[in-house]
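Shown next, in structure tokens, is the structure this report addresses.
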Amino acid sequence: MTDHDDLRALLHLALPPVQDRPPNRDLWPAVLTHRPPSPDWSWLDLGAAAAIAILLSLFPGCFWLLLYHL
Amino acid sequence: MANDPDQAMLERFVEGDPLAVEALYRRFEREAHGWILRIVRDSAAAEDVLVDSFWRAYRARARFVVTRPFGAWLRRIATRAALDHLRSVRRRAERHLGDVDPPAPADGDLAARDAIARAFSRLPAKLQVVATLALIEERPYGEIAEALDVPIGTVKSRLSRASARLREDLSRQGIRP
């Protein structure tokens with residue numbers, strides 16, 4: 001890794017290596033109650049939902065086919 | 001990994017046994033926290049990412065192969081969670097600040113350190129992780145490759161790209177490594 005030695009020395013001036021240490025508190029209760037943020041709907045999701053809604057309004061019979069595939 | 005638990009406990013983890021899940025958390029929390037802290041470099045963020053990582057591991061437990069090392073598997077999940085954190089920090093910063101940097105401190109050394117840290121934070125998250133682990137934390141390429149689940153060649157190429165970007169950014173500010 002000698003190609004980067006100069007850069008490494010410079011980076012260490014501003015960003016020294018961190019000291020390994022345990023968390024400051026017991027995080028197990030937080031793991032138990034953790035809920036990830038719900039993902040934002042992408043344009044693709046919205047487009048697919050709109051397409052399904054339009055399809056079902058035009059061809060209500062497709063509902064059973066859709067239900068079968070779910 | 002010497003710390004790896006016995007297969008029976010791992011099988012219970014895969015089945016979702018709460019006692020096995022907690023036992024594995026207790027056994028690996030320090031190691032995972034240390035790794036995440038190296039990447040995100042912020043105590044509060046490291047704790048959040050640790051919680052998220054273990055939750056992700058629990059959700060993905062059915063895909064874990066009990067004959068493989070648990071520590072390495074958890075580290076890959078933690079690395080992905082840390083990368084996601086860096087990306088979300090970047091997105092938030094871009095929304096609030098655009099490309100405008102805050103004013104640099106007047107003191108010479110302090111200003112240089114600040115400029116270096118800012119140049120580093122401008123690296124794309126994918127390159128920043130590799131540069132952090134290889135250049136700042138001085139971790140071996142093999143360990144970084146395993147954590148990122150990429151070949152060693154990819155680590156080397158990302159490090160070269162990160163290095164080139166940093167040199168260019170720093171030289172624009174009159175700082176030469």
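All residue names refer to the structure tokens as shown: chains lettered A, B, ... in order, residues numbered from 1 in each chain, ligands numbered from 1 in order.
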Write out as JSON lines a residue-level contact list of chain B versus chain A with cut-off 8 Å: for each qualifying residue the closest pair of atoms and the distance in Å to one decimal, counting only C-alpha atoms, rows sorted by chain and residue number upward.
{"residue": "B:Glu22", "atom": "CA", "partner": "A:Trp28", "partner_atom": "CA", "distance": 7.5}
{"residue": "B:Tyr25", "atom": "CA", "partner": "A:Trp28", "partner_atom": "CA", "distance": 7.5}
{"residue": "B:Glu29", "atom": "CA", "partner": "A:Pro22", "partner_atom": "CA", "distance": 7.5}
{"residue": "B:Arg30", "atom": "CA", "partner": "A:Pro22", "partner_atom": "CA", "distance": 4.8}
{"residue": "B:Glu31", "atom": "CA", "partner": "A:Pro22", "partner_atom": "CA", "distance": 7.9}
{"residue": "B:His33", "atom": "CA", "partner": "A:Pro22", "partner_atom": "CA", "distance": 6.4}
{"residue": "B:Gly34", "atom": "CA", "partner": "A:Asp20", "partner_atom": "CA", "distance": 5.1}
{"residue": "B:Leu37", "atom": "CA", "partner": "A:Val18", "partner_atom": "CA", "distance": 7.4}
{"residue": "B:Arg38", "atom": "CA", "partner": "A:Val18", "partner_atom": "CA", "distance": 6.0}
{"residue": "B:Arg41", "atom": "CA", "partner": "A:Val18", "partner_atom": "CA", "distance": 7.0}
{"residue": "B:Ser43", "atom": "CA", "partner": "A:Pro23", "partner_atom": "CA", "distance": 7.8}
{"residue": "B:Glu47", "atom": "CA", "partner": "A:Pro23", "partner_atom": "CA", "distance": 6.5}
{"residue": "B:Val51", "atom": "CA", "partner": "A:Val31", "partner_atom": "CA", "distance": 5.1}
{"residue": "B:Asp52", "atom": "CA", "partner": "A:His34", "partner_atom": "CA", "distance": 7.2}
{"residue": "B:Phe54", "atom": "CA", "partner": "A:Val31", "partner_atom": "CA", "distance": 7.0}
{"residue": "B:Trp55", "atom": "CA", "partner": "A:Val31", "partner_atom": "CA", "distance": 6.2}
{"residue": "B:Arg113", "atom": "CA", "partner": "A:Ala14", "partner_atom": "CA", "distance": 4.6}
{"residue": "B:Asp114", "atom": "CA", "partner": "A:Ala14", "partner_atom": "CA", "distance": 6.9}
{"residue": "B:Ile116", "atom": "CA", "partner": "A:Ala14", "partner_atom": "CA", "distance": 6.3}
{"residue": "B:Ala117", "atom": "CA", "partner": "A:Ala14", "partner_atom": "CA", "distance": 5.9}
{"residue": "B:Leu135", "atom": "CA", "partner": "A:Arg8", "partner_atom": "CA", "distance": 5.2}
{"residue": "B:Ile136", "atom": "CA", "partner": "A:Pro17", "partner_atom": "CA", "distance": 5.6}
{"residue": "B:Glu137", "atom": "CA", "partner": "A:Pro17", "partner_atom": "CA", "distance": 5.2}
{"residue": "B:Ser163", "atom": "CA", "partner": "A:His4", "partner_atom": "CA", "distance": 7.5}
{"residue": "B:Arg167", "atom": "CA", "partner": "A:Leu7", "partner_atom": "CA", "distance": 7.9}
{"residue": "B:Pro177", "atom": "CA", "partner": "A:Leu7", "partner_atom": "CA", "distance": 5.3}
Could you name the residues that touch stretch 41-55 of chain A at 12 Å or less, counting only C-alpha atoms, but leaving out those on the same chain fewer than 6 positions away, as a ChimeraX atom specification? /A:61-63,65-67
How about saving the chosen residues, N, CA and C atoms kept, as a PDB file, in the first residue's frame?
ATOM      1  N   GLY A  61     -63.023  -8.486 -14.000  1.00  0.00           N
ATOM      2  CA  GLY A  61     -62.817  -9.944 -13.947  1.00  0.00           C
ATOM      3  C   GLY A  61     -61.372 -10.326 -13.657  1.00  0.00           C
ATOM      4  N   CYS A  62     -60.444  -9.371 -13.931  1.00  0.00           N
ATOM      5  CA  CYS A  62     -59.017  -9.647 -13.691  1.00  0.00           C
ATOM      6  C   CYS A  62     -58.697  -9.754 -12.205  1.00  0.00           C
ATOM      7  N   PHE A  63     -59.628  -9.273 -11.358  1.00  0.00           N
ATOM      8  CA  PHE A  63     -59.374  -9.275  -9.914  1.00  0.00           C
ATOM      9  C   PHE A  63     -59.007 -10.681  -9.423  1.00  0.00           C
ATOM     10  N   LEU A  65     -57.844 -13.169 -11.134  1.00  0.00           N
ATOM     11  CA  LEU A  65     -56.538 -13.579 -11.678  1.00  0.00           C
ATOM     12  C   LEU A  65     -55.407 -12.964 -10.842  1.00  0.00           C
ATOM     13  N   LEU A  66     -55.580 -11.680 -10.496  1.00  0.00           N
ATOM     14  CA  LEU A  66     -54.571 -10.982  -9.684  1.00  0.00           C
ATOM     15  C   LEU A  66     -54.476 -11.630  -8.302  1.00  0.00           C
ATOM     16  N   LEU A  67     -55.652 -11.919  -7.732  1.00  0.00           N
ATOM     17  CA  LEU A  67     -55.689 -12.530  -6.398  1.00  0.00           C
ATOM     18  C   LEU A  67     -54.987 -13.889  -6.407  1.00  0.00           C
TER      19      LEU A  67
END
